[in-house]
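Participant: There's a structure below that I have some questions on.
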Amino acid sequence: MLVTPAVRARGIRVVLSGNAILRGIDLTVHDGEVVALLGANGSGKSTLVRALVGAVPIDAGDIELLGRPLGPGVEWSRIGYVPQRVSAATGVPATAGEVVASGLLHGRRLRPPRRAGAAVTAALGLVGLSHHGDRPVRELSGGQQQRVLIARALVRDPALLVLDEPVAGVDLPSQEAFAATLTDLTARGRTVLVVLHELGALAPLVQRAVVLRHGMVVHDGAPPRPTPEHGDADHDHVHPHEPAELSASSDTAGLRWEP
Ligand SMILES: Nc1ncnc2c1ncn2[C@@H]1O[C@H](COP(=O)(O)OP(=O)(O)OP(=O)(O)O)[C@@H](O)[C@H]1O
């Protein structure tokens, strides 16, 4: 039986401000796979996942998600997307629980379904924020806000989860908690495409790595071995050496997930 891949992208080209950012990317993520998208800063990882979910227009190529061409026909309610660290706080004084509940809205549905409360509580629990549902999001730390967005993606129990650097600047115990959540998800046959700077605690989960360089795929296969040595040929893909960036995204106060 032919199984439809969760993600099928062919010849993706993206030009932004006159610069070719993605230069003919092919990417297939099979159902149930966990694929890491790696590459140095500026190699095009975020642009690729943003293109895949329709947040950036493509100049050439074809994208299918869950077997449907990118567009209104895609089953968006079965897809969870967590953008690179952005604030979950808007001008609206929404609580963490309300932001998570918004993950249950889709299409013509303007109100969360019945029993949304239990699903929201469960999703907040998965990211270690079960006691923060009533707190205004803007009062949470940057790391906690990121976790609210992850919970918003998880609440719909997505068939496909697309995550852009969900653990950037996150300490190891928190990464491990997140890895456990993803393990549970993949044990239930879900598909994960995750942008990472380094495999870290997610290494045991990642079945395949796609490495970008200058907007092109330079590796598609076995994940690079996590190694402390700096002589590894894949070194620059997994350790981008950006101390400024790491410190900018570090947020040790708010990032440790509750046990
Ligand atoms: N809206 C935009 N207009 C012009 N150039 C852009 C735009 N967005 C991204 N770029 C450029 O595209 C290139 C790829 O950026 P992208 O964020 O996709 O890389 P990345 O691999 O995700 O990097 P990082 O690891 O730093 O997040 C960078 O050179 C970036 O400056």
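Here, A, B, ... name the chains of the structure tokens in the order displayed, residue numbers run from 1 inside each chain, and ligands are numbered from 1 in the same displayed order.
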Residues contacting ligand 1 - anything with an atom at most 8 Å away, using only C-alpha atoms and all ligand atoms - can you give me those as an NGL selection string?
Facilitator: :A and (15-19 or 21-22 or 38-48 or 84 or 165 or 195-197 or 212 or 214-215)
Participant: Could you write those residues out with N, CA and C atoms, as a PDB file, in the first residue's frame?
Facilitator:
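What follows is the written file out-v3.pdb:
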```pdb
ATOM      1  N   VAL A  15      12.366  33.525  -2.735  1.00  0.00           N
ATOM      2  CA  VAL A  15      13.168  34.736  -2.918  1.00  0.00           C
ATOM      3  C   VAL A  15      12.587  35.808  -1.994  1.00  0.00           C
ATOM      4  N   LEU A  16      13.441  36.345  -1.137  1.00  0.00           N
ATOM      5  CA  LEU A  16      12.996  37.402  -0.234  1.00  0.00           C
ATOM      6  C   LEU A  16      13.873  38.623  -0.439  1.00  0.00           C
ATOM      7  N   SER A  17      13.263  39.760  -0.602  1.00  0.00           N
ATOM      8  CA  SER A  17      13.987  41.014  -0.844  1.00  0.00           C
ATOM      9  C   SER A  17      15.044  40.839  -1.941  1.00  0.00           C
ATOM     10  N   GLY A  18      14.694  40.111  -2.974  1.00  0.00           N
ATOM     11  CA  GLY A  18      15.612  39.939  -4.106  1.00  0.00           C
ATOM     12  C   GLY A  18      16.679  38.886  -3.898  1.00  0.00           C
ATOM     13  N   ASN A  19      16.718  38.274  -2.703  1.00  0.00           N
ATOM     14  CA  ASN A  19      17.729  37.236  -2.449  1.00  0.00           C
ATOM     15  C   ASN A  19      17.093  35.854  -2.502  1.00  0.00           C
ATOM     16  N   ILE A  21      16.658  32.718  -1.079  1.00  0.00           N
ATOM     17  CA  ILE A  21      16.905  32.153   0.258  1.00  0.00           C
ATOM     18  C   ILE A  21      16.840  30.632   0.203  1.00  0.00           C
ATOM     19  N   LEU A  22      15.862  30.088  -0.516  1.00  0.00           N
ATOM     20  CA  LEU A  22      15.787  28.638  -0.725  1.00  0.00           C
ATOM     21  C   LEU A  22      15.952  28.399  -2.217  1.00  0.00           C
ATOM     22  N   LEU A  38      18.503  20.779  10.186  1.00  0.00           N
ATOM     23  CA  LEU A  38      19.688  21.381  10.786  1.00  0.00           C
ATOM     24  C   LEU A  38      20.363  22.317   9.785  1.00  0.00           C
ATOM     25  N   GLY A  39      21.316  23.083  10.282  1.00  0.00           N
ATOM     26  CA  GLY A  39      22.066  23.979   9.404  1.00  0.00           C
ATOM     27  C   GLY A  39      22.524  25.199  10.176  1.00  0.00           C
ATOM     28  N   ALA A  40      23.552  25.817   9.661  1.00  0.00           N
ATOM     29  CA  ALA A  40      24.103  26.995  10.334  1.00  0.00           C
ATOM     30  C   ALA A  40      23.094  28.140  10.307  1.00  0.00           C
ATOM     31  N   ASN A  41      23.353  29.157  11.080  1.00  0.00           N
ATOM     32  CA  ASN A  41      22.491  30.341  11.082  1.00  0.00           C
ATOM     33  C   ASN A  41      22.359  30.892   9.665  1.00  0.00           C
ATOM     34  N   GLY A  42      21.132  31.217   9.310  1.00  0.00           N
ATOM     35  CA  GLY A  42      20.913  31.837   8.007  1.00  0.00           C
ATOM     36  C   GLY A  42      20.883  30.865   6.838  1.00  0.00           C
ATOM     37  N   SER A  43      20.930  29.561   7.124  1.00  0.00           N
ATOM     38  CA  SER A  43      20.948  28.588   6.018  1.00  0.00           C
ATOM     39  C   SER A  43      19.569  28.395   5.395  1.00  0.00           C
ATOM     40  N   GLY A  44      18.529  28.863   6.082  1.00  0.00           N
ATOM     41  CA  GLY A  44      17.195  28.821   5.477  1.00  0.00           C
ATOM     42  C   GLY A  44      16.202  27.902   6.164  1.00  0.00           C
ATOM     43  N   LYS A  45      16.545  27.425   7.362  1.00  0.00           N
ATOM     44  CA  LYS A  45      15.682  26.457   8.050  1.00  0.00           C
ATOM     45  C   LYS A  45      14.298  27.055   8.351  1.00  0.00           C
ATOM     46  N   SER A  46      14.305  28.230   8.974  1.00  0.00           N
ATOM     47  CA  SER A  46      13.012  28.843   9.329  1.00  0.00           C
ATOM     48  C   SER A  46      12.220  29.188   8.082  1.00  0.00           C
ATOM     49  N   THR A  47      12.925  29.691   7.080  1.00  0.00           N
ATOM     50  CA  THR A  47      12.222  30.057   5.848  1.00  0.00           C
ATOM     51  C   THR A  47      11.561  28.823   5.252  1.00  0.00           C
ATOM     52  N   LEU A  48      12.243  27.684   5.327  1.00  0.00           N
ATOM     53  CA  LEU A  48      11.668  26.458   4.775  1.00  0.00           C
ATOM     54  C   LEU A  48      10.408  26.051   5.537  1.00  0.00           C
ATOM     55  N   GLN A  84       9.431  30.012  15.491  1.00  0.00           N
ATOM     56  CA  GLN A  84      10.620  30.311  16.281  1.00  0.00           C
ATOM     57  C   GLN A  84      10.201  31.251  17.403  1.00  0.00           C
ATOM     58  N   GLU A 165      12.864  25.438  16.264  1.00  0.00           N
ATOM     59  CA  GLU A 165      13.745  25.635  17.418  1.00  0.00           C
ATOM     60  C   GLU A 165      12.986  25.706  18.750  1.00  0.00           C
ATOM     61  N   VAL A 195      13.023  22.032  13.569  1.00  0.00           N
ATOM     62  CA  VAL A 195      14.246  22.790  13.315  1.00  0.00           C
ATOM     63  C   VAL A 195      15.054  22.818  14.601  1.00  0.00           C
ATOM     64  N   LEU A 196      16.310  22.456  14.494  1.00  0.00           N
ATOM     65  CA  LEU A 196      17.166  22.432  15.683  1.00  0.00           C
ATOM     66  C   LEU A 196      18.526  23.023  15.364  1.00  0.00           C
ATOM     67  N   HIS A 197      19.127  23.620  16.373  1.00  0.00           N
ATOM     68  CA  HIS A 197      20.515  24.039  16.231  1.00  0.00           C
ATOM     69  C   HIS A 197      21.441  22.883  16.548  1.00  0.00           C
ATOM     70  N   LEU A 212      20.655  21.926   5.854  1.00  0.00           N
ATOM     71  CA  LEU A 212      20.643  22.968   4.825  1.00  0.00           C
ATOM     72  C   LEU A 212      21.929  23.765   4.876  1.00  0.00           C
ATOM     73  N   HIS A 214      23.162  27.384   2.746  1.00  0.00           N
ATOM     74  CA  HIS A 214      22.882  28.379   1.707  1.00  0.00           C
ATOM     75  C   HIS A 214      21.620  28.032   0.908  1.00  0.00           C
ATOM     76  N   GLY A 215      20.581  27.634   1.613  1.00  0.00           N
ATOM     77  CA  GLY A 215      19.300  27.417   0.947  1.00  0.00           C
ATOM     78  C   GLY A 215      19.210  26.154   0.128  1.00  0.00           C
TER      79      GLY A 215
END
```
Participant: Just the residues within 12 Å of Asp157 of chain A, please, counting only C-alpha atoms, with nothing from its chain fewer than 3 positions along; format it as number ranges by chain.
Facilitator: A: 76-81, 103-104, 119-120, 122-123, 126, 150-154, 160-161, 181-182, 184-186, 188-192
Participant: Write the residues you've just listed into a file as a JSON list (two decimals), in the first residue's frame, and include N, CA and C atoms for each of them.
Facilitator:
```json
[["chain", "number", "residue", "atom", "x", "y", "z"],
["A", 76, "TRP", "N", -5.75, 21.60, 8.08],
["A", 76, "TRP", "CA", -4.96, 22.40, 9.02],
["A", 76, "TRP", "C", -5.24, 22.02, 10.48],
["A", 77, "SER", "N", -6.44, 21.51, 10.73],
["A", 77, "SER", "CA", -6.76, 21.16, 12.12],
["A", 77, "SER", "C", -5.92, 19.98, 12.60],
["A", 78, "ARG", "N", -5.27, 19.27, 11.67],
["A", 78, "ARG", "CA", -4.43, 18.13, 12.04],
["A", 78, "ARG", "C", -2.95, 18.50, 12.06],
["A", 79, "ILE", "N", -2.69, 19.79, 11.91],
["A", 79, "ILE", "CA", -1.29, 20.23, 11.86],
["A", 79, "ILE", "C", -1.03, 21.24, 12.97],
["A", 80, "GLY", "N", 0.04, 21.03, 13.71],
["A", 80, "GLY", "CA", 0.44, 21.99, 14.73],
["A", 80, "GLY", "C", 1.74, 22.64, 14.30],
["A", 81, "TYR", "N", 1.80, 23.95, 14.42],
["A", 81, "TYR", "CA", 3.02, 24.66, 14.03],
["A", 81, "TYR", "C", 3.42, 25.60, 15.16],
["A", 103, "GLY", "N", -5.88, 26.94, 19.99],
["A", 103, "GLY", "CA", -5.38, 25.88, 19.12],
["A", 103, "GLY", "C", -6.47, 24.92, 18.69],
["A", 104, "LEU", "N", -7.62, 25.00, 19.33],
["A", 104, "LEU", "CA", -8.73, 24.12, 18.96],
["A", 104, "LEU", "C", -9.66, 24.78, 17.94],
["A", 119, "ALA", "N", -8.90, 19.17, 27.54],
["A", 119, "ALA", "CA", -7.82, 19.08, 26.55],
["A", 119, "ALA", "C", -6.77, 20.16, 26.82],
["A", 120, "VAL", "N", -7.26, 21.35, 27.17],
["A", 120, "VAL", "CA", -6.33, 22.46, 27.45],
["A", 120, "VAL", "C", -5.48, 22.15, 28.68],
["A", 122, "ALA", "N", -4.74, 19.23, 29.83],
["A", 122, "ALA", "CA", -3.79, 18.17, 29.49],
["A", 122, "ALA", "C", -2.61, 18.73, 28.70],
["A", 123, "ALA", "N", -2.89, 19.61, 27.75],
["A", 123, "ALA", "CA", -1.80, 20.18, 26.92],
["A", 123, "ALA", "C", -0.87, 21.03, 27.76],
["A", 126, "LEU", "N", 1.42, 18.82, 29.60],
["A", 126, "LEU", "CA", 2.50, 18.25, 28.78],
["A", 126, "LEU", "C", 3.71, 19.15, 28.73],
["A", 150, "ILE", "N", 3.70, 25.82, 22.33],
["A", 150, "ILE", "CA", 3.82, 24.38, 22.06],
["A", 150, "ILE", "C", 2.54, 23.67, 22.50],
["A", 151, "ALA", "N", 2.02, 24.07, 23.67],
["A", 151, "ALA", "CA", 0.77, 23.47, 24.16],
["A", 151, "ALA", "C", -0.38, 23.76, 23.19],
["A", 152, "ARG", "N", -0.37, 24.96, 22.63],
["A", 152, "ARG", "CA", -1.42, 25.31, 21.67],
["A", 152, "ARG", "C", -1.36, 24.40, 20.44],
["A", 153, "ALA", "N", -0.12, 24.03, 20.05],
["A", 153, "ALA", "CA", 0.02, 23.11, 18.92],
["A", 153, "ALA", "C", -0.37, 21.69, 19.32],
["A", 154, "LEU", "N", -0.07, 21.32, 20.56],
["A", 154, "LEU", "CA", -0.33, 19.94, 21.00],
["A", 154, "LEU", "C", -1.80, 19.68, 21.29],
["A", 160, "LEU", "N", 0.63, 16.01, 12.34],
["A", 160, "LEU", "CA", 1.93, 16.56, 11.93],
["A", 160, "LEU", "C", 2.25, 17.76, 12.81],
["A", 161, "LEU", "N", 3.41, 17.71, 13.43],
["A", 161, "LEU", "CA", 3.85, 18.81, 14.29],
["A", 161, "LEU", "C", 5.11, 19.41, 13.68],
["A", 181, "THR", "N", 7.78, 14.28, 25.92],
["A", 181, "THR", "CA", 6.48, 14.62, 25.31],
["A", 181, "THR", "C", 6.46, 14.19, 23.85],
["A", 182, "LEU", "N", 7.56, 14.48, 23.14],
["A", 182, "LEU", "CA", 7.61, 14.11, 21.73],
["A", 182, "LEU", "C", 7.64, 12.60, 21.55],
["A", 184, "ASP", "N", 6.20, 10.44, 23.40],
["A", 184, "ASP", "CA", 4.83, 9.98, 23.56],
["A", 184, "ASP", "C", 4.03, 10.21, 22.28],
["A", 185, "LEU", "N", 4.26, 11.36, 21.69],
["A", 185, "LEU", "CA", 3.54, 11.72, 20.46],
["A", 185, "LEU", "C", 3.90, 10.77, 19.32],
["A", 186, "THR", "N", 5.20, 10.49, 19.20],
["A", 186, "THR", "CA", 5.63, 9.65, 18.08],
["A", 186, "THR", "C", 5.25, 8.19, 18.32],
["A", 188, "ARG", "N", 2.58, 7.34, 19.28],
["A", 188, "ARG", "CA", 1.20, 7.26, 18.78],
["A", 188, "ARG", "C", 1.14, 7.55, 17.28],
["A", 189, "GLY", "N", 2.31, 7.45, 16.62],
["A", 189, "GLY", "CA", 2.32, 7.51, 15.16],
["A", 189, "GLY", "C", 2.31, 8.91, 14.58],
["A", 190, "ARG", "N", 2.52, 9.92, 15.42],
["A", 190, "ARG", "CA", 2.52, 11.28, 14.90],
["A", 190, "ARG", "C", 3.84, 11.58, 14.18],
["A", 191, "THR", "N", 3.80, 12.59, 13.34],
["A", 191, "THR", "CA", 4.97, 12.96, 12.54],
["A", 191, "THR", "C", 5.51, 14.29, 13.05],
["A", 192, "VAL", "N", 6.82, 14.39, 13.13],
["A", 192, "VAL", "CA", 7.42, 15.62, 13.66],
["A", 192, "VAL", "C", 8.53, 16.11, 12.73]]
```
Participant: Residues within 9 Å of Ala222 of chain A, please, as a PyMOL selection string. Count only C-alpha atoms; anything in the same chain fewer than 5 positions from it doesn't count.
Facilitator: chain A and resi 206-210
Participant: So which residues touch Leu66 of chain A within 12 Å, counting only C-alpha atoms, skipping near sequence neighbours fewer than 5 positions away, as an NGL selection string?
Facilitator: :A and (3-9 or 28-32 or 52-53 or 71 or 73-79 or 158-161 or 190-191)
Participant: Between atom CA of Ser141 of chain A and atom CA of Pro173 of chain A, what is the spacing in Å?
Facilitator: 17.3 Å
Participant: Mind giving me the straight-line distance from atom CA of Leu129 of chain A to atom CA of Gln144 of chain A in Å, one decimal?
Facilitator: 7.8 Å
Participant: Which is closest to Leu140 of chain A among A:Pro93, A:Pro204, A:Gly125, A:Gly61, if we use only C-alpha atoms?
Facilitator: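 Among the listed residues, the smallest separation from Leu140 of chain A belongs to A:Pro93.
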Participant: Could you check the closest approach to Pro166 of chain A for each of A:Ala187, A:Ala36, A:Ala51, A:Val99 and tell me which residue wins, using only C-alpha atoms?
Facilitator: A:Ala36
Participant: So what do you get for atom CA of Leu27 of chain A versus atom CA of Thr183 of chain A, distance-wise?
Facilitator: 22.4 Å
